[in-house]
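> Data: upload-v2.cif, mmCIF, C-alpha atoms, pLDDT in the B column; chains and numbers go by the auth columns.
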```cif
data_start
#
loop_
_atom_site.group_PDB
_atom_site.id
_atom_site.type_symbol
_atom_site.label_atom_id
_atom_site.label_comp_id
_atom_site.label_asym_id
_atom_site.label_seq_id
_atom_site.Cartn_x
_atom_site.Cartn_y
_atom_site.Cartn_z
_atom_site.B_iso_or_equiv
_atom_site.auth_seq_id
_atom_site.auth_asym_id
ATOM 1 C CA MET A 1 58.405 91.792 18.524 43.00 586 A
ATOM 2 C CA SER A 2 54.948 93.428 18.559 50.00 587 A
ATOM 3 C CA ASP A 3 53.627 90.593 16.367 53.00 588 A
ATOM 4 C CA ASN A 4 53.398 88.511 19.537 55.00 589 A
ATOM 5 C CA LEU A 5 51.068 90.931 21.304 50.00 590 A
ATOM 6 C CA PRO A 6 47.355 90.164 21.558 51.00 591 A
ATOM 7 C CA ALA A 7 44.793 92.026 19.473 52.00 592 A
ATOM 8 C CA ILE A 8 43.309 94.953 21.378 51.00 593 A
ATOM 9 C CA PRO A 9 39.913 96.573 20.622 49.00 594 A
ATOM 10 C CA GLY A 10 40.168 100.114 19.281 47.00 595 A
ATOM 11 C CA MET A 11 43.584 99.452 17.754 50.00 596 A
ATOM 12 C CA ASN A 12 44.461 98.919 14.096 51.00 597 A
ATOM 13 C CA ASN A 13 47.998 97.622 13.467 51.00 598 A
ATOM 14 C CA GLY A 14 49.299 99.276 16.612 49.00 599 A
ATOM 15 C CA VAL A 15 47.599 102.611 15.830 46.00 600 A
ATOM 16 C CA ALA A 16 44.431 103.895 17.416 42.00 601 A
ATOM 17 C CA SER A 17 41.574 103.064 15.091 42.00 602 A
ATOM 18 C CA SER A 18 39.336 105.840 13.836 40.00 603 A
ATOM 19 C CA THR A 19 36.616 103.417 12.805 44.00 604 A
ATOM 20 C CA GLY A 20 33.977 101.685 14.814 42.00 605 A
ATOM 21 C CA SER A 21 32.949 103.064 18.184 44.00 606 A
ATOM 22 C CA ALA A 22 36.189 104.955 18.750 42.00 607 A
ATOM 23 C CA SER A 23 35.473 108.141 16.770 41.00 608 A
ATOM 24 C CA SER A 24 39.061 109.418 16.868 51.00 609 A
ATOM 25 C CA GLY A 25 42.521 108.629 18.149 72.00 610 A
ATOM 26 C CA ASN A 26 41.474 110.227 21.437 71.00 611 A
ATOM 27 C CA GLY A 27 38.318 108.162 21.784 78.00 612 A
ATOM 28 C CA PHE A 28 37.460 106.045 24.775 79.00 613 A
ATOM 29 C CA LEU A 29 38.307 102.711 23.130 83.00 614 A
ATOM 30 C CA ALA A 30 41.420 104.043 21.405 85.00 615 A
ATOM 31 C CA LEU A 31 42.918 105.312 24.661 85.00 616 A
ATOM 32 C CA ALA A 32 41.968 102.126 26.488 86.00 617 A
ATOM 33 C CA GLY A 33 43.518 100.145 23.632 89.00 618 A
ATOM 34 C CA ARG A 34 46.765 102.103 23.730 90.00 619 A
ATOM 35 C CA THR A 35 47.180 101.677 27.475 88.00 620 A
ATOM 36 C CA ALA A 36 46.322 97.974 27.198 89.00 621 A
ATOM 37 C CA LYS A 37 48.953 97.641 24.479 92.00 622 A
ATOM 38 C CA LEU A 38 51.446 99.466 26.705 91.00 623 A
ATOM 39 C CA ALA A 39 50.743 96.996 29.522 91.00 624 A
ATOM 40 C CA ALA A 40 51.077 94.036 27.137 91.00 625 A
ATOM 41 C CA SER A 41 54.336 95.435 25.744 93.00 626 A
ATOM 42 C CA ALA A 42 55.694 95.843 29.277 92.00 627 A
ATOM 43 C CA LEU A 43 54.865 92.205 30.027 92.00 628 A
ATOM 44 C CA PHE A 44 56.535 91.149 26.773 93.00 629 A
ATOM 45 C CA LEU A 45 59.645 93.173 27.710 93.00 630 A
ATOM 46 C CA LYS A 46 59.625 91.666 31.191 93.00 631 A
ATOM 47 C CA GLU A 47 59.546 88.155 29.742 93.00 632 A
ATOM 48 C CA GLY A 48 62.419 88.987 27.378 93.00 633 A
ATOM 49 C CA MET A 49 64.484 90.462 30.190 93.00 634 A
ATOM 50 C CA HIS A 50 63.981 87.332 32.302 92.00 635 A
ATOM 51 C CA LEU A 51 65.288 85.243 29.402 94.00 636 A
ATOM 52 C CA LEU A 52 68.236 87.605 28.885 94.00 637 A
ATOM 53 C CA ARG A 53 69.070 87.542 32.579 94.00 638 A
ATOM 54 C CA SER A 54 69.156 83.741 32.763 94.00 639 A
ATOM 55 C CA HIS A 55 71.209 83.575 29.551 95.00 640 A
ATOM 56 C CA MET A 56 73.746 86.127 30.818 95.00 641 A
ATOM 57 C CA LYS A 57 74.000 84.380 34.211 96.00 642 A
ATOM 58 C CA ALA A 58 74.707 81.068 32.468 97.00 643 A
ATOM 59 C CA ASN A 59 77.347 82.702 30.253 97.00 644 A
ATOM 60 C CA ALA A 60 78.935 84.467 33.241 96.00 645 A
ATOM 61 C CA ASN A 61 79.142 81.174 35.137 96.00 646 A
ATOM 62 C CA ALA A 62 80.678 79.468 32.090 97.00 647 A
ATOM 63 C CA ALA A 63 83.265 82.265 31.744 96.00 648 A
ATOM 64 C CA SER A 64 84.079 82.002 35.444 95.00 649 A
ATOM 65 C CA ARG A 65 84.602 78.229 35.133 97.00 650 A
ATOM 66 C CA LEU A 66 86.756 78.761 32.045 96.00 651 A
ATOM 67 C CA SER A 67 88.863 81.285 33.950 95.00 652 A
ATOM 68 C CA GLU A 68 89.367 78.783 36.778 95.00 653 A
ATOM 69 C CA MET A 69 90.308 75.995 34.347 96.00 654 A
ATOM 70 C CA ASN A 70 92.783 78.291 32.592 95.00 655 A
ATOM 71 C CA HIS A 71 94.293 79.170 35.969 94.00 656 A
ATOM 72 C CA GLN A 72 94.740 75.465 36.750 95.00 657 A
ATOM 73 C CA ALA A 73 96.269 74.955 33.295 95.00 658 A
ATOM 74 C CA GLU A 74 98.706 77.791 34.058 94.00 659 A
ATOM 75 C CA VAL A 75 97.632 79.936 31.131 93.00 660 A
ATOM 76 C CA GLU A 76 99.113 83.438 30.925 95.00 661 A
ATOM 77 C CA PRO A 77 97.603 85.634 33.678 94.00 662 A
ATOM 78 C CA GLN A 78 96.561 88.345 31.219 96.00 663 A
ATOM 79 C CA PHE A 79 94.227 85.898 29.437 95.00 664 A
ATOM 80 C CA ILE A 80 92.810 84.615 32.708 95.00 665 A
ATOM 81 C CA SER A 81 92.140 88.224 33.695 95.00 666 A
ATOM 82 C CA MET A 82 90.398 88.930 30.378 96.00 667 A
ATOM 83 C CA ILE A 83 88.095 85.947 30.833 95.00 668 A
ATOM 84 C CA ALA A 84 87.341 86.981 34.425 95.00 669 A
ATOM 85 C CA ASP A 85 86.484 90.490 33.160 96.00 670 A
ATOM 86 C CA VAL A 86 84.061 88.987 30.637 96.00 671 A
ATOM 87 C CA SER A 87 82.381 87.084 33.474 96.00 672 A
ATOM 88 C CA THR A 88 82.093 90.293 35.507 96.00 673 A
ATOM 89 C CA HIS A 89 80.557 92.196 32.588 97.00 674 A
ATOM 90 C CA LEU A 90 78.093 89.405 31.843 96.00 675 A
ATOM 91 C CA ASN A 91 77.002 89.483 35.486 95.00 676 A
ATOM 92 C CA ALA A 92 76.528 93.260 35.161 96.00 677 A
ATOM 93 C CA VAL A 93 74.271 92.745 32.119 95.00 678 A
ATOM 94 C CA ALA A 94 72.282 90.168 34.079 94.00 679 A
ATOM 95 C CA GLU A 95 71.816 92.633 36.942 94.00 680 A
ATOM 96 C CA ALA A 96 70.830 95.439 34.564 94.00 681 A
ATOM 97 C CA SER A 97 68.243 93.182 32.938 93.00 682 A
ATOM 98 C CA GLY A 98 66.848 92.571 36.419 90.00 683 A
ATOM 99 C CA GLU A 99 66.462 96.337 36.809 92.00 684 A
ATOM 100 C CA MET A 100 64.685 96.446 33.441 93.00 685 A
ATOM 101 C CA VAL A 101 62.291 93.771 34.706 92.00 686 A
ATOM 102 C CA ASN A 102 61.468 96.026 37.666 92.00 687 A
ATOM 103 C CA ALA A 103 60.924 99.021 35.366 93.00 688 A
ATOM 104 C CA ALA A 104 58.711 97.004 32.999 92.00 689 A
ATOM 105 C CA ASP A 105 56.731 95.735 35.979 92.00 690 A
ATOM 106 C CA ALA A 106 56.188 99.321 37.152 93.00 691 A
ATOM 107 C CA VAL A 107 55.028 100.375 33.656 93.00 692 A
ATOM 108 C CA ASP A 108 52.641 97.410 33.530 92.00 693 A
ATOM 109 C CA ASN A 109 51.189 98.239 36.954 92.00 694 A
ATOM 110 C CA ASP A 110 50.848 101.939 36.129 92.00 695 A
ATOM 111 C CA ALA A 111 49.203 101.235 32.755 91.00 696 A
ATOM 112 C CA ARG A 112 46.741 98.822 34.363 90.00 697 A
ATOM 113 C CA GLY A 113 46.007 101.365 37.100 92.00 698 A
ATOM 114 C CA PHE A 114 45.439 104.077 34.524 90.00 699 A
ATOM 115 C CA ASN A 115 43.213 101.770 32.489 89.00 700 A
ATOM 116 C CA GLY A 116 41.136 100.956 35.583 90.00 701 A
ATOM 117 C CA ALA A 117 40.757 104.624 36.534 89.00 702 A
ATOM 118 C CA HIS A 118 39.944 105.551 32.926 86.00 703 A
ATOM 119 C CA GLU A 119 37.349 102.778 32.769 87.00 704 A
ATOM 120 C CA ARG A 120 35.675 103.857 36.033 87.00 705 A
ATOM 121 C CA GLU A 121 35.637 107.527 35.052 85.00 706 A
ATOM 122 C CA TYR A 122 34.595 107.387 31.414 82.00 707 A
ATOM 123 C CA ARG A 123 32.829 104.055 30.789 84.00 708 A
ATOM 124 C CA PRO A 124 29.422 105.304 32.045 83.00 709 A
ATOM 125 C CA GLY A 125 29.546 108.325 29.734 80.00 710 A
ATOM 126 C CA TYR A 126 30.744 106.192 26.835 80.00 711 A
ATOM 127 C CA GLU A 127 27.898 103.723 27.341 82.00 712 A
ATOM 128 C CA ALA A 128 25.325 106.513 27.691 80.00 713 A
ATOM 129 C CA SER A 129 26.658 108.236 24.578 77.00 714 A
ATOM 130 C CA ASN A 130 26.529 105.061 22.492 77.00 715 A
ATOM 131 C CA GLY A 131 23.131 104.086 23.862 79.00 716 A
ATOM 132 C CA SER A 132 21.487 107.427 23.127 78.00 717 A
ATOM 133 C CA GLY A 133 21.524 107.092 19.341 77.00 718 A
ATOM 134 C CA VAL A 134 22.421 110.787 19.063 80.00 719 A
ATOM 135 C CA ARG A 135 25.611 111.743 17.271 78.00 720 A
ATOM 136 C CA GLN A 136 28.093 113.087 19.817 74.00 721 A
ATOM 137 C CA ALA A 137 30.850 115.684 19.515 75.00 722 A
ATOM 138 C CA LYS A 138 34.367 114.418 19.001 74.00 723 A
ATOM 139 C CA PRO A 139 36.448 113.900 22.155 69.00 724 A
ATOM 140 C CA GLY A 140 37.968 117.169 23.320 72.00 725 A
ATOM 141 C CA TYR A 141 35.527 119.376 21.377 75.00 726 A
ATOM 142 C CA TYR A 142 34.018 121.027 24.428 72.00 727 A
ATOM 143 C CA ARG A 143 37.394 121.573 26.023 70.00 728 A
ATOM 144 C CA ARG A 144 38.724 123.380 22.914 61.00 729 A
ATOM 145 C CA SER A 145 35.618 125.400 22.136 58.00 730 A
ATOM 146 C CA GLY A 146 34.707 126.375 25.687 58.00 731 A
ATOM 147 C CA HIS A 147 31.018 125.519 25.061 55.00 732 A
ATOM 148 C CA ARG A 148 30.667 123.321 28.118 52.00 733 A
ATOM 149 C CA ARG A 149 32.331 123.381 31.491 49.00 734 A
#
```
What does this structure look like when you write it as structure tokens?

Amino acid sequence: MSDNLPAIPGMNNGVASSTGSASSGNGFLALAGRTAKLAASALFLKEGMHLLRSHMKANANAASRLSEMNHQAEVEPQFISMIADVSTHLNAVAEASGEMVNAADAVDNDARGFNGAHEREYRPGYEASNGSGVRQAKPGYYRRSGHRR
């Protein structure tokens, strides 16, 4: 499934890259890459759920038609009831996949919002750090050591 996702800078086979300009898994590009991958995965899930929903709706409609035809053919009521139950359950799956679409949409929106906020907050420092030519401390160093506040 993840083979269909686009390549994202700062990521190496779905894992935050520790090479290049992202100096660790907590680096600016690595975090941006992970949230971008989360957004892409949510879109991929959303697409899959739309396909599942349409497939389940079609199957539910077919089961409903089959139930009606069996009723007209005077098939045993217990079998007609079983087919009607299948139609009901397929409709329930279709509705649940619609709820998954909403959840995936929320994850996508939240990940994009986080990415935008992260970009606005940390991009200037990242650019300044890379432009200075001076080796910088690893992300989180000052927070752990208490050297800078």
> Do you know which residues lie at most 12 Å from (30.0, 103.1, 25.4), with coordinates as in the file and only C-alpha atoms counted, and could you write them as a PDB file with C-alpha atoms, in the frame of the given file?

```
ATOM      1  CA  GLY A 605      33.977 101.685  14.814  1.00 42.00           C
ATOM      2  CA  SER A 606      32.949 103.064  18.184  1.00 44.00           C
ATOM      3  CA  ALA A 607      36.189 104.955  18.750  1.00 42.00           C
ATOM      4  CA  SER A 608      35.473 108.141  16.770  1.00 41.00           C
ATOM      5  CA  GLY A 612      38.318 108.162  21.784  1.00 78.00           C
ATOM      6  CA  PHE A 613      37.460 106.045  24.775  1.00 79.00           C
ATOM      7  CA  LEU A 614      38.307 102.711  23.130  1.00 83.00           C
ATOM      8  CA  GLU A 704      37.349 102.778  32.769  1.00 87.00           C
ATOM      9  CA  TYR A 707      34.595 107.387  31.414  1.00 82.00           C
ATOM     10  CA  ARG A 708      32.829 104.055  30.789  1.00 84.00           C
ATOM     11  CA  PRO A 709      29.422 105.304  32.045  1.00 83.00           C
ATOM     12  CA  GLY A 710      29.546 108.325  29.734  1.00 80.00           C
ATOM     13  CA  TYR A 711      30.744 106.192  26.835  1.00 80.00           C
ATOM     14  CA  GLU A 712      27.898 103.723  27.341  1.00 82.00           C
ATOM     15  CA  ALA A 713      25.325 106.513  27.691  1.00 80.00           C
ATOM     16  CA  SER A 714      26.658 108.236  24.578  1.00 77.00           C
ATOM     17  CA  ASN A 715      26.529 105.061  22.492  1.00 77.00           C
ATOM     18  CA  GLY A 716      23.131 104.086  23.862  1.00 79.00           C
ATOM     19  CA  SER A 717      21.487 107.427  23.127  1.00 78.00           C
ATOM     20  CA  GLY A 718      21.524 107.092  19.341  1.00 77.00           C
ATOM     21  CA  GLN A 721      28.093 113.087  19.817  1.00 74.00           C
TER      22      GLN A 721
END
```
> Which residues are near Ala647 of chain A? Cut-off 12 Å, only C-alpha atoms, ignore same chain within fewer than 4 positions. Put them as number ranges by chain.
A: 640-643, 651-654, 668-669, 671-673, 675-676
> Check what the PyMOL selection byres ((chain A and resi 686-691) around 10) selects in the file above and give those residues as an NGL selection string.
:A and (623-624 or 626-635 or 638 or 680-685 or 692-697)
> Take the selection from the previous step and output its residues with C-alpha atoms, as an mmCIF file, keeping the file's coordinate frame.

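part-v4.cif, freshly written:
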```
data_model
loop_
_atom_site.group_PDB
_atom_site.id
_atom_site.type_symbol
_atom_site.label_atom_id
_atom_site.label_comp_id
_atom_site.auth_asym_id
_atom_site.auth_seq_id
_atom_site.Cartn_x
_atom_site.Cartn_y
_atom_site.Cartn_z
ATOM 1 C CA LEU A 623 51.446 99.466 26.705
ATOM 2 C CA ALA A 624 50.743 96.996 29.522
ATOM 3 C CA SER A 626 54.336 95.435 25.744
ATOM 4 C CA ALA A 627 55.694 95.843 29.277
ATOM 5 C CA LEU A 628 54.865 92.205 30.027
ATOM 6 C CA PHE A 629 56.535 91.149 26.773
ATOM 7 C CA LEU A 630 59.645 93.173 27.710
ATOM 8 C CA LYS A 631 59.625 91.666 31.191
ATOM 9 C CA GLU A 632 59.546 88.155 29.742
ATOM 10 C CA GLY A 633 62.419 88.987 27.378
ATOM 11 C CA MET A 634 64.484 90.462 30.190
ATOM 12 C CA HIS A 635 63.981 87.332 32.302
ATOM 13 C CA ARG A 638 69.070 87.542 32.579
ATOM 14 C CA GLU A 680 71.816 92.633 36.942
ATOM 15 C CA ALA A 681 70.830 95.439 34.564
ATOM 16 C CA SER A 682 68.243 93.182 32.938
ATOM 17 C CA GLY A 683 66.848 92.571 36.419
ATOM 18 C CA GLU A 684 66.462 96.337 36.809
ATOM 19 C CA MET A 685 64.685 96.446 33.441
ATOM 20 C CA VAL A 692 55.028 100.375 33.656
ATOM 21 C CA ASP A 693 52.641 97.410 33.530
ATOM 22 C CA ASN A 694 51.189 98.239 36.954
ATOM 23 C CA ASP A 695 50.848 101.939 36.129
ATOM 24 C CA ALA A 696 49.203 101.235 32.755
ATOM 25 C CA ARG A 697 46.741 98.822 34.363
#
```
> One number please: atom CA of Gln657 of chain A to atom CA of Asn644 of chain A, in Å, one decimal.
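Computing it gives 19.9 Å between the two atoms.
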> For Val678 of chain A, which residue among A:Arg720, A:Ser639, A:Ala625, A:Ala615 is the nearest when counting only C-alpha atoms?
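Closest candidate: A:Ser639.
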> Give the centre and edge lengths of an axis-aligned box, in Å to one decimal, that holds all listed atoms of segment 646-652 of chain A with 4 Å on each side, as lines of an AutoDock Vina configuration file.

```
center_x = 84.0
center_y = 80.2
center_z = 33.6
size_x = 17.7
size_y = 12.0
size_z = 11.7
```
> Apply the PyMOL selection byres ((chain A and resi 617) around 9) to the structure shown and report the selected residues as a PyMOL selection string.
chain A and resi 593-595+612-616+618-622+699-700+703-704
